[in-house]
Amino acid sequence: MGRAEERRARQRGGRRAAPQGSSKAATKSAGAGKGRIRRLFTWKKILGTLFGLCLLGMGAFIVLYMMISVPKGNADARLQSNVYEYSDGSPLARTGTRNREIVDLAEVPKGVQRTFVAAENKSFYKDSGVDFRGTARGLINTLSGKGKQGGSTITQQYVKNFYLSQDQTVTRKLKELVISLKVDRQKTKGQILAGYINTSYYGRGAYGIQAAAQAYYRVDAKELSVEQGAYLAALLQAPNQYDWAIATDTGKKLVEDRWNYVLDNMVEEHWLDSDKRQDMTFPTPKPPRAAPGMEGQTGYLVDAANAALMKQLVAQGTASDLGTAEAMVKTGGWTLTLNIDKKKQDQLESAVKAKLTSKLNAKKRSVDGDVQAGAASVDPKTGKVLALYGGQNYVKHYLNNATRRDYQPASTFKPLIFAAALDEEARTQDGKAINANTIYDGTSRRPVKGSDVPFAPPNEDNRSYGKVTVQRAMNASVNSVFAQMGVDVGMDDVLKVAGKLGMDTKGLQAVPAQTLGSMGASPLEMAGIYATLDNHGKKVTPAVVRSAEHKDRQVKFPDPIGDRVITREAADTVTSVLTGVVDDGTAQTSVARAADRNGQQVAGKTGTSDSNKSAWFTGYTPNLVTSVGMFGESAKNQSQVTLKGATGLIPGSGRINGGGYPAQIWAAYTFGAMGKVTKFDLETTQGAAIEPTVTPSLTQSPSDTPSSSPTTKKPTTTPPTTPTTPTSPSTTPATRSPSGTPTGTTTTPTDGLPDDPVNQNNRNSLKNQNDLDGR
């Protein structure tokens with residue numbers, strides 16, 4: 001290139017062309033690409049776009065603000081009754097009267113008013129009615145399907161309660177935002193606060209602060225203390241979870257923490273003197289009282305139906321939590337058809353009255369006033385809850401004894417240990433497979449082998465059985481045998497199988513003491529577990545509600561019958577063994593000898609907890625499973641107390657055993673409600689139903705009086721090597737037969753631990769185990 005050409009190239013900004021494929025050409029190409037990107041995404045363009053979006057958003061908000069007006073309050077206008085029906089469509093109950101009394105803000109003490117502001121919205125008196133950051137977070141979470149989040153001001157919550165609905169939608173949240181801004185300009189802060197505390201739902205059917213004050217403290221709103229107001233303010237976050245009467249230990253801790261949070265915020269805002277704050281103690285609410293019109297069993301059935309509906313609303317995502325679900329149910333407009341069979345419900349009530357409550361006389365015996373009974377009856381083939389007994393009268397005793405989980409199921413847990421042994425194909429410490437014929441050492445207080453936690457439970461009355469089969473141990477409910485079996489299986493596996501069968505095992509420690517049924521359980525829960533056994537190992541989840549209809553919402557309940565959770569052979573073997581408990585064990589007197597049994601096959605298990613605070617019988621036929629519990633509950637303070645001496649039971653120890661009144665109630669109900677006589681269809685080669693034993697009977701009567709007449713059963717093809725003969729229930733020694741009859745004095749077996757164990761150190765040595773259970 002000549003000098004002239006080079007000069008012209010420089011003037012054009014160009015250069016002499018590089019050879020093809022050179023590095024200079026590649027660099028030039030890359031630089032050109034980056035240049036195009038820079039020209040496309042400049043800071044000016046990005047900022048301009050963001051500014052444009054902001055203007056667009058502001059414009060859209062202005063349009064919304066102009067289009068959306070403050071509607072008329074619709075809370076009361078939306079109220080409707082809920083209708084409850086039996087399974088045949090006949091009426092059970094109609095509810096829906098809104099428990100609310102509007103009070104002027106002037107009637108609420110100033111300190112109580114401020115508890116709500118401190119709990120929900122400290123900037124309430126200064127803000128414009130909206131928390132934009134909290135609302136944005138709520139919109140994002142709604143769009144992403146995460147449910148509702150906190151952050152709404154008192155004004156927004158009032159708008160939601162009074163003008164809108166509880167629906168979690170973007171449209172509703174945008175309306176809430178606009179209306180809140182307008183309401184804040186149209187009303188005073190006092191009017192908004194009054195509307196908020198008068199429209200909020202506090203649980204226990206109470207809407208508004210006046211109803212809540214009465215429901216929780218039996219006072220008018222004007223008489224509330226700051227401490228009580230702080231509890232009610234804390235309660236609004238989760239009325240169902242924070243209600244002291246029904247809260248779990250976790251729920252109680254959470255509401256106490258929030259109560260403290262409210263008061264501390266008041267100190268921070270200079271609304272409460274710090275010295276007074278230090279002297280304040282948590283004001284425990286009074287027990288709940290039932291609303292009128294819910295007398296007898298009606299209230300228990302309605303509550304159980306509501307609980308099932310609320311749980312399903314949360315499960316299907318219609319409600320974000322139980323508190324929201326409860327508000328939806330209480331709003332009304334529902335028609336709930338229960339699975340409760342009216343005839344069977346009447347039969348269960350009659351059985352409890354005939355066999356137990358008619359014998360109670362609190363004027364003669366104070367202990368009789370502490371007796372509570374609960375029962376649940378389930379169809380194992382469909383999962384339908386056919387009958388529930390919650391207590392003598394819902395209005396007098398609010399808590400449902402059929403669904404409460406605060407009493408120990410005791411030895412009704414033993415079949416679950418055996419089921420785990422069979423399903424997990426467990427072996428003893430010496431490597432032998434565990435089945436109905438496995439021999440165990442039934443010595444009382446024998447330390448279990450293979451456990452890191454020392455455990456040596458006594459048998460009832462400290463009775464030793466020597467070598468005994470699992471079948472015989474189940475019949476007589478031998479604690480030492482099943483404690484060892486639990487360790488042989490592995491307590492983790494025992495609880496795993498129990499959970500699969502339907503027991504709530506969350507938080508339970510996998511320790512040997514659980515083999516005595518030391519956890520909490522309800523009659524409804526135990527009925528579901530045994531129904532799963534009756535249903536050959538296919539999971540049965542008891543269903544109280546058949547259908548729930550509402551014009552605004554659709555609710556579909558899951559099938560109560562689920563997949564197989566344990567093998568059929570394991571479930572059927574447990575059933576087979578449990579027939580021995582009835583025919584030759586602790587339930588024999590009340591069930592096996594019932595005059596109206598008519599040859600009906602029955603399986604079941606008794607249970608009586610330590611100190612005789614509870615007594616159980618859970619039993620079943622092929623078509624009906626029923627669990628009956630008796631609970632000692634102080635009429636004065638609802639604490640757990642003993643049942644001893646109830647109904648004037650004096651002979652022997654005075655204990656109320658699972659083979660006594662619970663089994664009698666079960667038999668009176670079942671043999672009247674079961675229909676035709678049926679037989680179990682079992683796939684097993686083990687247990688009393690296949691190979692009954694011939695041994696001296698171990699019987700139990702409601703009075704704890706020893707039976708002098710042993711029962712005999714159909715002999716097996718191989719007669720026992722030592723003939724059995726009746727023995728006196730006094731001090732005549734009993735020789736051991738091949739089937740494991742105990743050595744020593746023949747006494748009446750009962751269902752629970754001794755009241756005063758000989759070696760208290762044994763109990764004290766257990767870690768994290770208090771209030772042990774027996775049979």
# chains A, B, ... in the order shown; residues from 1 in each chain; ligands from 1
call {"tool": "residues_around", "arguments": {"residues": "Thr541 in chain A", "least_positions_apart": "2", "cutoff": "9 Å", "atoms": "only C-alpha atoms", "output": "JSON, numbers by chain"}}
result
{"A": [383, 384, 502, 525, 528, 529, 531, 532, 539, 543, 559, 560, 561, 562]}
call {"tool": "select_by_dssp", "arguments": {"residues": "range 415-474 of chain A", "states": "alpha helix (DSSP H)", "output": "list in words"}}
result
Pro415, Leu416, Ile417, Phe418, Ala419, Ala420, Ala421, Leu422, Asp423, Val470, Gln471, Arg472, Ala473 and Met474 of chain A
call {"tool": "residues_around", "arguments": {"residues": "Arg405 in chain A", "least_positions_apart": "5", "cutoff": "6 Å", "atoms": "only C-alpha atoms", "output": "PyMOL selection string"}}
result
chain A and resi 520-522
call {"tool": "write_last_selection", "arguments": {"atoms": "N, CA and C atoms", "output": "compact mmCIF listing (two decimals), in the first residue's frame"}}
result
# COMPACT_ATOMS: atom_id res chain seq x y z
N GLY A 520 -49.91 -41.04 74.69
CA GLY A 520 -51.32 -40.69 74.70
C GLY A 520 -52.01 -41.21 73.45
N ALA A 521 -53.30 -41.51 73.58
CA ALA A 521 -54.08 -41.97 72.43
C ALA A 521 -55.56 -41.76 72.74
N SER A 522 -56.37 -41.72 71.72
CA SER A 522 -57.81 -41.55 71.88
C SER A 522 -58.54 -42.82 71.49
call {"tool": "closest_residue", "arguments": {"among": "A:Thr573, A:Ala247, A:Tyr407, A:Lys496", "to": "Asn612 in chain A", "atoms": "only C-alpha atoms"}}
result
A:Tyr407
call {"tool": "residues_around", "arguments": {"residues": "Leu624 in chain A", "least_positions_apart": "2", "cutoff": "9 Å", "atoms": "only C-alpha atoms", "output": "compact mmCIF listing (two decimals) with all heavy atoms, in the first residue's frame"}}
result
# COMPACT_ATOMS: atom_id res chain seq x y z
N SER A 377 -66.76 -46.20 67.36
CA SER A 377 -67.06 -47.44 66.66
C SER A 377 -66.89 -47.23 65.16
O SER A 377 -67.42 -46.26 64.59
CB SER A 377 -68.51 -47.87 66.95
OG SER A 377 -68.79 -49.14 66.42
N VAL A 378 -66.13 -48.13 64.53
CA VAL A 378 -65.73 -47.96 63.12
C VAL A 378 -66.05 -49.22 62.31
O VAL A 378 -65.89 -50.34 62.80
CB VAL A 378 -64.22 -47.66 63.03
CG1 VAL A 378 -63.75 -47.58 61.59
CG2 VAL A 378 -63.89 -46.37 63.77
N ASP A 379 -66.47 -49.02 61.08
CA ASP A 379 -66.64 -50.12 60.13
C ASP A 379 -65.28 -50.38 59.49
O ASP A 379 -64.77 -49.51 58.76
CB ASP A 379 -67.67 -49.73 59.07
CG ASP A 379 -67.95 -50.85 58.07
OD1 ASP A 379 -67.08 -51.74 57.89
OD2 ASP A 379 -69.03 -50.85 57.46
N PRO A 380 -64.66 -51.54 59.72
CA PRO A 380 -63.31 -51.77 59.21
C PRO A 380 -63.24 -51.92 57.70
O PRO A 380 -62.16 -51.81 57.11
CB PRO A 380 -62.90 -53.08 59.90
CG PRO A 380 -64.20 -53.78 60.15
CD PRO A 380 -65.18 -52.70 60.46
N LYS A 381 -64.35 -52.16 57.06
CA LYS A 381 -64.35 -52.34 55.60
C LYS A 381 -64.50 -51.03 54.85
O LYS A 381 -64.11 -50.92 53.69
CB LYS A 381 -65.45 -53.32 55.20
CG LYS A 381 -65.19 -54.75 55.67
CD LYS A 381 -66.31 -55.68 55.20
CE LYS A 381 -65.95 -57.16 55.48
NZ LYS A 381 -65.66 -57.42 56.90
N ALA A 531 -58.91 -51.37 63.53
CA ALA A 531 -59.65 -51.58 62.27
C ALA A 531 -58.68 -51.96 61.16
O ALA A 531 -59.01 -52.77 60.28
CB ALA A 531 -60.42 -50.31 61.89
N ASP A 534 -58.08 -55.52 61.65
CA ASP A 534 -59.28 -56.24 61.23
C ASP A 534 -59.40 -56.28 59.71
O ASP A 534 -59.92 -57.24 59.13
CB ASP A 534 -60.50 -55.55 61.83
CG ASP A 534 -61.74 -56.43 61.85
OD1 ASP A 534 -61.67 -57.58 61.36
OD2 ASP A 534 -62.78 -55.99 62.36
N GLY A 619 -61.94 -53.82 70.97
CA GLY A 619 -62.23 -55.15 70.41
C GLY A 619 -62.93 -55.06 69.09
O GLY A 619 -63.41 -54.00 68.68
N TYR A 620 -63.02 -56.22 68.42
CA TYR A 620 -63.64 -56.20 67.10
C TYR A 620 -64.18 -57.56 66.68
O TYR A 620 -63.73 -58.61 67.14
CB TYR A 620 -62.69 -55.67 66.04
CG TYR A 620 -61.31 -56.32 65.95
CD1 TYR A 620 -61.02 -57.26 64.95
CD2 TYR A 620 -60.29 -55.95 66.80
CE1 TYR A 620 -59.76 -57.81 64.82
CE2 TYR A 620 -59.02 -56.50 66.69
CZ TYR A 620 -58.75 -57.43 65.70
OH TYR A 620 -57.49 -57.98 65.57
N THR A 621 -65.17 -57.46 65.80
CA THR A 621 -65.69 -58.59 65.05
C THR A 621 -65.28 -58.33 63.60
O THR A 621 -64.69 -57.29 63.30
CB THR A 621 -67.23 -58.65 65.17
OG1 THR A 621 -67.79 -57.52 64.48
CG2 THR A 621 -67.67 -58.62 66.63
N PRO A 622 -65.58 -59.24 62.68
CA PRO A 622 -65.19 -58.98 61.29
C PRO A 622 -65.78 -57.70 60.70
O PRO A 622 -65.22 -57.14 59.75
CB PRO A 622 -65.71 -60.22 60.55
CG PRO A 622 -65.66 -61.30 61.57
CD PRO A 622 -66.06 -60.63 62.86
N THR A 626 -64.68 -51.38 67.89
CA THR A 626 -65.07 -50.38 68.86
C THR A 626 -64.04 -50.30 69.98
O THR A 626 -63.60 -51.32 70.49
CB THR A 626 -66.46 -50.69 69.47
OG1 THR A 626 -67.41 -50.83 68.42
CG2 THR A 626 -66.90 -49.57 70.41
N THR A 670 -71.79 -54.00 71.11
CA THR A 670 -71.43 -54.77 69.91
C THR A 670 -72.42 -55.89 69.62
O THR A 670 -72.86 -56.05 68.48
CB THR A 670 -70.01 -55.36 70.07
OG1 THR A 670 -69.08 -54.29 70.24
CG2 THR A 670 -69.63 -56.17 68.84
N ALA A 673 -75.47 -54.47 68.13
CA ALA A 673 -75.36 -53.72 66.88
C ALA A 673 -74.75 -54.50 65.73
O ALA A 673 -74.79 -54.05 64.59
CB ALA A 673 -74.52 -52.46 67.12
N MET A 674 -74.20 -55.70 66.02
CA MET A 674 -73.39 -56.36 64.99
C MET A 674 -74.20 -57.02 63.87
O MET A 674 -73.68 -57.30 62.81
CB MET A 674 -72.53 -57.43 65.64
CG MET A 674 -73.31 -58.59 66.21
SD MET A 674 -72.25 -59.78 67.05
CE MET A 674 -73.47 -61.02 67.52
call {"tool": "closest_residue", "arguments": {"among": "A:His536, A:Lys343, A:His397, A:Lys187", "to": "Asp88 in chain A", "atoms": "only C-alpha atoms"}}
result
A:Lys343
call {"tool": "atom_distance", "arguments": {"atom1": "CA of Thr515 in chain A", "atom2": "CA of Gln664 in chain A"}}
result
25.5 Å
call {"tool": "closest_residue", "arguments": {"among": "A:Glu460, A:Glu569, A:Asp583, A:Asp104", "to": "Ser611 in chain A", "atoms": "only C-alpha atoms"}}
result
A:Glu460
call {"tool": "residues_around", "arguments": {"residues": "Val83 in chain A", "least_positions_apart": "3", "cutoff": "12 Å", "atoms": "only C-alpha atoms", "output": "number ranges by chain"}}
result
A: 80, 86, 89-96, 302, 305-306, 329-330, 332-338, 547-550
call {"tool": "atom_distance", "arguments": {"atom1": "CA of Gln297 in chain A", "atom2": "CA of Lys636 in chain A"}}
result
22.2 Å
call {"tool": "select_by_dssp", "arguments": {"residues": "range 348-534 of chain A", "states": "strand (DSSP E)", "output": "list in words"}}
result
Val371, Gln372, Ala373, Gly374, Ala375, Ala376, Ser377, Val378, Val385, Leu386, Ala387, Leu388, Tyr389, Ile439, Tyr440, Asp441, Lys467, Val468 and Thr469 of chain A
call {"tool": "atom_distance", "arguments": {"atom1": "CA of Tyr202 in chain A", "atom2": "CA of Asn82 in chain A"}}
result
19.1 Å
